[in-house]
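Just below is one structure, and these are the notes that go with it.
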Amino acid sequence: MKTKYLVCGAGGFIGGHLVKSLLDDGYQVVCADVKPLENWFQIFDDNRNFSLDLKEYENCLKVTKDVDFIYNMACNMGGMGFIENNKAECMLSVLINTNLLRACLVNKIKKYYFSSSACVYNADKQTNAFIEGLKESDAYPAMPEDGYGWEKLFSERMCRHFYEDYGLETRVARYHNVYGPVGTFDGGREKAPAALCRKLIQAKNSGDKKIDVWGDGEQTRSFMFIDDCIKGTKQIFESDCREVLNIGSEEQVSINQMISIIEEIGKYKAEKNYQLDKPKGVRGRSSNNDLVREKLGWDSDVSLKSGLEITYKWIEKEISKKLNKNKFAIKY
């Protein structure tokens, strides 16, 4: 019998890429997501695909039956605009982790993975631009991003205690701003790299000389390409390390610097319309990979420019498809 994985949040951006990678490795994969199947970013017909709400315990029991390992990538989240305006909804994702862990004990799951976030880090350590990379220990004393960050930090502790109390092997990674193709680039849940690529492409297509930028553009982040994310995710899952580990890039840039890279890729320059009333998040955030390098020998490989080139081209193609579809519909 092939090893069987359950990927929760399989219809999402990271989840879809993870499912593809596991299938390429020859594993059986069960997929679950709250979204209707037609809204999944990637779907593979040979899998068992469940569209259901994993906040419900009975649904968790159903999807965890007869699987060996679980990757929990499921949560209600998006870019900074979504997180800051939907704190209660983000915190309700704690029910997903809670009920999946309970179901793991019933269905005797061998190992469980929880995808956490850099939003767990203490806000007092992120008040300046271009800060030193955040170490795993910087999550305490606790002062995470309100709503989403608290849910992630609480769920990390729950994973730890399910190992200590019940012997369930758990692995936890903190993601730092994952981006790449085959993900959200419009609609309100997109993150900065995809949003800025989309804005520049649309400005270029229309001849507009301005793009909107949330904040003053001097806030900093590090951004990790999806391929590095999937590689790190699987490496942490397969390891014997029970410590929480960062998965991120140490290439810290300001939003203005990232816009310059995107302008170079798109061969188009636009004036920045800074929107100081929009959600901005912390002033500076970046990953410190010392611990994950020490424990696993993992580090990010893809430069921001290389990853943005791939992302930009994919979004440009998707926007072109929509434009052509609309033109055809009008002509018809």
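Within each chain, counting starts at residue 1; across the structure tokens, chains are named A, B, ... in the order shown, with ligands numbered 1 upward in that order.
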task = Compile the contact shell of range 270-280 of chain A as a list in words: residues with an atom at most 6 Å away, counting only C-alpha atoms, same-chain residues fewer than 6 positions apart removed.
result = Gly81, Lys209, Lys210, Ile211, Asp212, Val213, Trp214, Gly215 and Asp216 of chain A
Keeping C-alpha atoms for every residue in the selection just given, could you write it to a file as a PDB file, in the first residue's frame?
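Here's the written file part_33.pdb:
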ATOM      1  CA  GLY A  81      -6.109  44.104   4.285  1.00  0.00           C
ATOM      2  CA  LYS A 209       1.022  56.243 -15.076  1.00  0.00           C
ATOM      3  CA  LYS A 210       0.060  55.648 -11.423  1.00  0.00           C
ATOM      4  CA  ILE A 211      -0.324  52.634  -9.132  1.00  0.00           C
ATOM      5  CA  ASP A 212      -1.730  52.609  -5.606  1.00  0.00           C
ATOM      6  CA  VAL A 213       0.688  51.600  -2.829  1.00  0.00           C
ATOM      7  CA  TRP A 214      -0.497  50.897   0.709  1.00  0.00           C
ATOM      8  CA  GLY A 215       1.538  52.925   3.219  1.00  0.00           C
ATOM      9  CA  ASP A 216       4.630  54.919   2.351  1.00  0.00           C
TER      10      ASP A 216
END
Those in range 126-238 of chain A with alpha helix (DSSP H) from DSSP, as a PyMOL selection string = chain A and resi 148-166+192-206+226-238
inquiry  = Measuring between only C-alpha atoms, which one of A:Lys321, A:Arg198, A:Lys305, A:Arg48 shows the shortest distance to Met224 in chain A?
reply    = A:Lys305
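You will find CA of Ala195 in chain A at 27.4 Å from CA of Cys31 in chain A.
The shortest atom-to-atom distance to Gly9 in chain A, with only C-alpha atoms taken into account, belongs to A:Trp40 out of A:Phe82, A:Phe162, A:Trp150, A:Trp40.
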inquiry  = Would you pick out the contacts of Ala32 in chain A at 12 Å or less, using only C-alpha atoms, so that residues sharing its chain but fewer than 6 positions from it are not included, and give the list as a VMD selection string?
reply    = chain A and resid 5 to 12 15 to 16 19 40 43 to 44 47 to 55 59 to 60 62 to 64 70 to 75 96 100
remark   = Of A:Ala142, A:Ile226, A:Ala118, A:Ala88, the one sitting nearest Gly183 in chain A when using only C-alpha atoms is A:Ile226
query = Which residue gives the smallest distance to Thr170 in chain A among A:Leu18, A:Ile109, A:Cys197, A:Ile265, with only C-alpha atoms counted?
reply =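 Comparing A:Leu18, A:Ile109, A:Cys197, A:Ile265 against Thr170 in chain A, the winner is A:Ile109.
Ranking A:Met143, A:Leu134, A:Leu153, A:Ala173 by their shortest atom-to-atom distance to Ser286 in chain A, with only C-alpha atoms included, puts A:Leu134 first.
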query = Please, what distance in Å, to one decimal, runs between CA of Lys20 in chain A and CA of Phe223 in chain A?
reply =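 Going from CA of Lys20 in chain A over to CA of Phe223 in chain A, I get 21.7 Å.
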Pick out the residues sitting within 10 Å of Glu151 in chain A, and hand them over as a PDB file with N, CA, C and O atoms, in the first residue's frame; count only C-alpha atoms, and ignore anything fewer than 4 positions along from it in its own chain.
ATOM      1  N   CYS A  75      -6.556  27.525   6.693  1.00  0.00           N
ATOM      2  CA  CYS A  75      -6.917  28.627   7.586  1.00  0.00           C
ATOM      3  C   CYS A  75      -7.604  29.711   6.758  1.00  0.00           C
ATOM      4  O   CYS A  75      -7.483  29.734   5.532  1.00  0.00           O
ATOM      5  N   LYS A  87     -10.530  39.848  11.933  1.00  0.00           N
ATOM      6  CA  LYS A  87      -9.811  39.217  13.048  1.00  0.00           C
ATOM      7  C   LYS A  87     -10.573  38.029  13.638  1.00  0.00           C
ATOM      8  O   LYS A  87      -9.988  36.981  13.922  1.00  0.00           O
ATOM      9  N   ALA A  88     -11.867  38.167  13.826  1.00  0.00           N
ATOM     10  CA  ALA A  88     -12.646  37.066  14.404  1.00  0.00           C
ATOM     11  C   ALA A  88     -12.664  35.860  13.468  1.00  0.00           C
ATOM     12  O   ALA A  88     -12.499  34.715  13.899  1.00  0.00           O
ATOM     13  N   CYS A  90     -10.444  35.063  11.258  1.00  0.00           N
ATOM     14  CA  CYS A  90      -9.121  34.438  11.282  1.00  0.00           C
ATOM     15  C   CYS A  90      -8.947  33.573  12.530  1.00  0.00           C
ATOM     16  O   CYS A  90      -8.405  32.464  12.463  1.00  0.00           O
ATOM     17  N   MET A  91      -9.434  34.052  13.667  1.00  0.00           N
ATOM     18  CA  MET A  91      -9.252  33.298  14.909  1.00  0.00           C
ATOM     19  C   MET A  91     -10.087  32.020  14.941  1.00  0.00           C
ATOM     20  O   MET A  91      -9.712  31.046  15.603  1.00  0.00           O
ATOM     21  N   LEU A  92     -11.184  32.008  14.204  1.00  0.00           N
ATOM     22  CA  LEU A  92     -12.005  30.789  14.168  1.00  0.00           C
ATOM     23  C   LEU A  92     -11.270  29.612  13.533  1.00  0.00           C
ATOM     24  O   LEU A  92     -11.670  28.459  13.711  1.00  0.00           O
ATOM     25  N   SER A  93     -10.182  29.880  12.814  1.00  0.00           N
ATOM     26  CA  SER A  93      -9.393  28.784  12.238  1.00  0.00           C
ATOM     27  C   SER A  93      -8.798  27.890  13.318  1.00  0.00           C
ATOM     28  O   SER A  93      -8.364  26.767  13.028  1.00  0.00           O
ATOM     29  N   VAL A  94      -8.771  28.360  14.569  1.00  0.00           N
ATOM     30  CA  VAL A  94      -8.282  27.521  15.658  1.00  0.00           C
ATOM     31  C   VAL A  94      -9.112  26.244  15.772  1.00  0.00           C
ATOM     32  O   VAL A  94      -8.618  25.203  16.235  1.00  0.00           O
ATOM     33  N   LEU A  95     -10.368  26.305  15.339  1.00  0.00           N
ATOM     34  CA  LEU A  95     -11.220  25.116  15.384  1.00  0.00           C
ATOM     35  C   LEU A  95     -10.735  24.044  14.417  1.00  0.00           C
ATOM     36  O   LEU A  95     -10.905  22.847  14.666  1.00  0.00           O
ATOM     37  N   ASN A  97      -7.519  23.394  13.537  1.00  0.00           N
ATOM     38  CA  ASN A  97      -6.395  22.710  14.159  1.00  0.00           C
ATOM     39  C   ASN A  97      -6.839  21.864  15.351  1.00  0.00           C
ATOM     40  O   ASN A  97      -6.415  20.715  15.520  1.00  0.00           O
ATOM     41  N   SER A 116       2.269  27.437  10.487  1.00  0.00           N
ATOM     42  CA  SER A 116       2.127  28.664  11.248  1.00  0.00           C
ATOM     43  C   SER A 116       2.627  29.840  10.408  1.00  0.00           C
ATOM     44  O   SER A 116       2.803  29.721   9.201  1.00  0.00           O
ATOM     45  N   SER A 117       2.855  30.971  11.047  1.00  0.00           N
ATOM     46  CA  SER A 117       3.133  32.205  10.306  1.00  0.00           C
ATOM     47  C   SER A 117       4.074  33.115  11.078  1.00  0.00           C
ATOM     48  O   SER A 117       4.116  33.096  12.323  1.00  0.00           O
ATOM     49  N   CYS A 119       3.489  35.992  11.491  1.00  0.00           N
ATOM     50  CA  CYS A 119       2.605  36.914  12.211  1.00  0.00           C
ATOM     51  C   CYS A 119       2.561  36.620  13.708  1.00  0.00           C
ATOM     52  O   CYS A 119       1.969  37.394  14.475  1.00  0.00           O
ATOM     53  N   VAL A 120       3.180  35.513  14.157  1.00  0.00           N
ATOM     54  CA  VAL A 120       3.214  35.211  15.590  1.00  0.00           C
ATOM     55  C   VAL A 120       4.244  36.064  16.324  1.00  0.00           C
ATOM     56  O   VAL A 120       4.227  36.142  17.556  1.00  0.00           O
ATOM     57  N   PRO A 144       1.672  38.894  19.329  1.00  0.00           N
ATOM     58  CA  PRO A 144       1.577  38.651  17.887  1.00  0.00           C
ATOM     59  C   PRO A 144       0.588  39.573  17.183  1.00  0.00           C
ATOM     60  O   PRO A 144      -0.081  40.385  17.829  1.00  0.00           O
ATOM     61  N   GLU A 145       0.512  39.415  15.862  1.00  0.00           N
ATOM     62  CA  GLU A 145      -0.487  40.130  15.065  1.00  0.00           C
ATOM     63  C   GLU A 145      -1.870  39.807  15.638  1.00  0.00           C
ATOM     64  O   GLU A 145      -2.192  38.655  15.894  1.00  0.00           O
ATOM     65  N   ASP A 146      -2.675  40.836  15.850  1.00  0.00           N
ATOM     66  CA  ASP A 146      -3.976  40.621  16.477  1.00  0.00           C
ATOM     67  C   ASP A 146      -4.863  39.759  15.582  1.00  0.00           C
ATOM     68  O   ASP A 146      -4.899  39.923  14.362  1.00  0.00           O
ATOM     69  N   GLY A 147      -5.570  38.815  16.181  1.00  0.00           N
ATOM     70  CA  GLY A 147      -6.448  37.925  15.421  1.00  0.00           C
ATOM     71  C   GLY A 147      -5.666  36.764  14.835  1.00  0.00           C
ATOM     72  O   GLY A 147      -5.443  35.740  15.488  1.00  0.00           O
ATOM     73  N   SER A 155      -2.251  27.766  18.310  1.00  0.00           N
ATOM     74  CA  SER A 155      -2.270  26.455  17.663  1.00  0.00           C
ATOM     75  C   SER A 155      -0.901  25.781  17.702  1.00  0.00           C
ATOM     76  O   SER A 155      -0.811  24.552  17.793  1.00  0.00           O
ATOM     77  N   GLU A 156       0.172  26.581  17.627  1.00  0.00           N
ATOM     78  CA  GLU A 156       1.512  26.012  17.807  1.00  0.00           C
ATOM     79  C   GLU A 156       1.618  25.313  19.159  1.00  0.00           C
ATOM     80  O   GLU A 156       2.140  24.195  19.255  1.00  0.00           O
TER      81      GLU A 156
END
request  = Rank A:Val67, A:Ile262, A:Ile247, A:Leu323 by their smallest atom-to-atom distance to Val30 in chain A, using only C-alpha atoms, and report the top residue only.
outcome  =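 Result for the nearest residue to Val30 in chain A: A:Val67.
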inquiry  = Please compute the CA of Arg189 in chain A-CA of Asn177 in chain A distance, one decimal, in Å.
reply    =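 Going from CA of Arg189 in chain A over to CA of Asn177 in chain A covers 13.0 Å.
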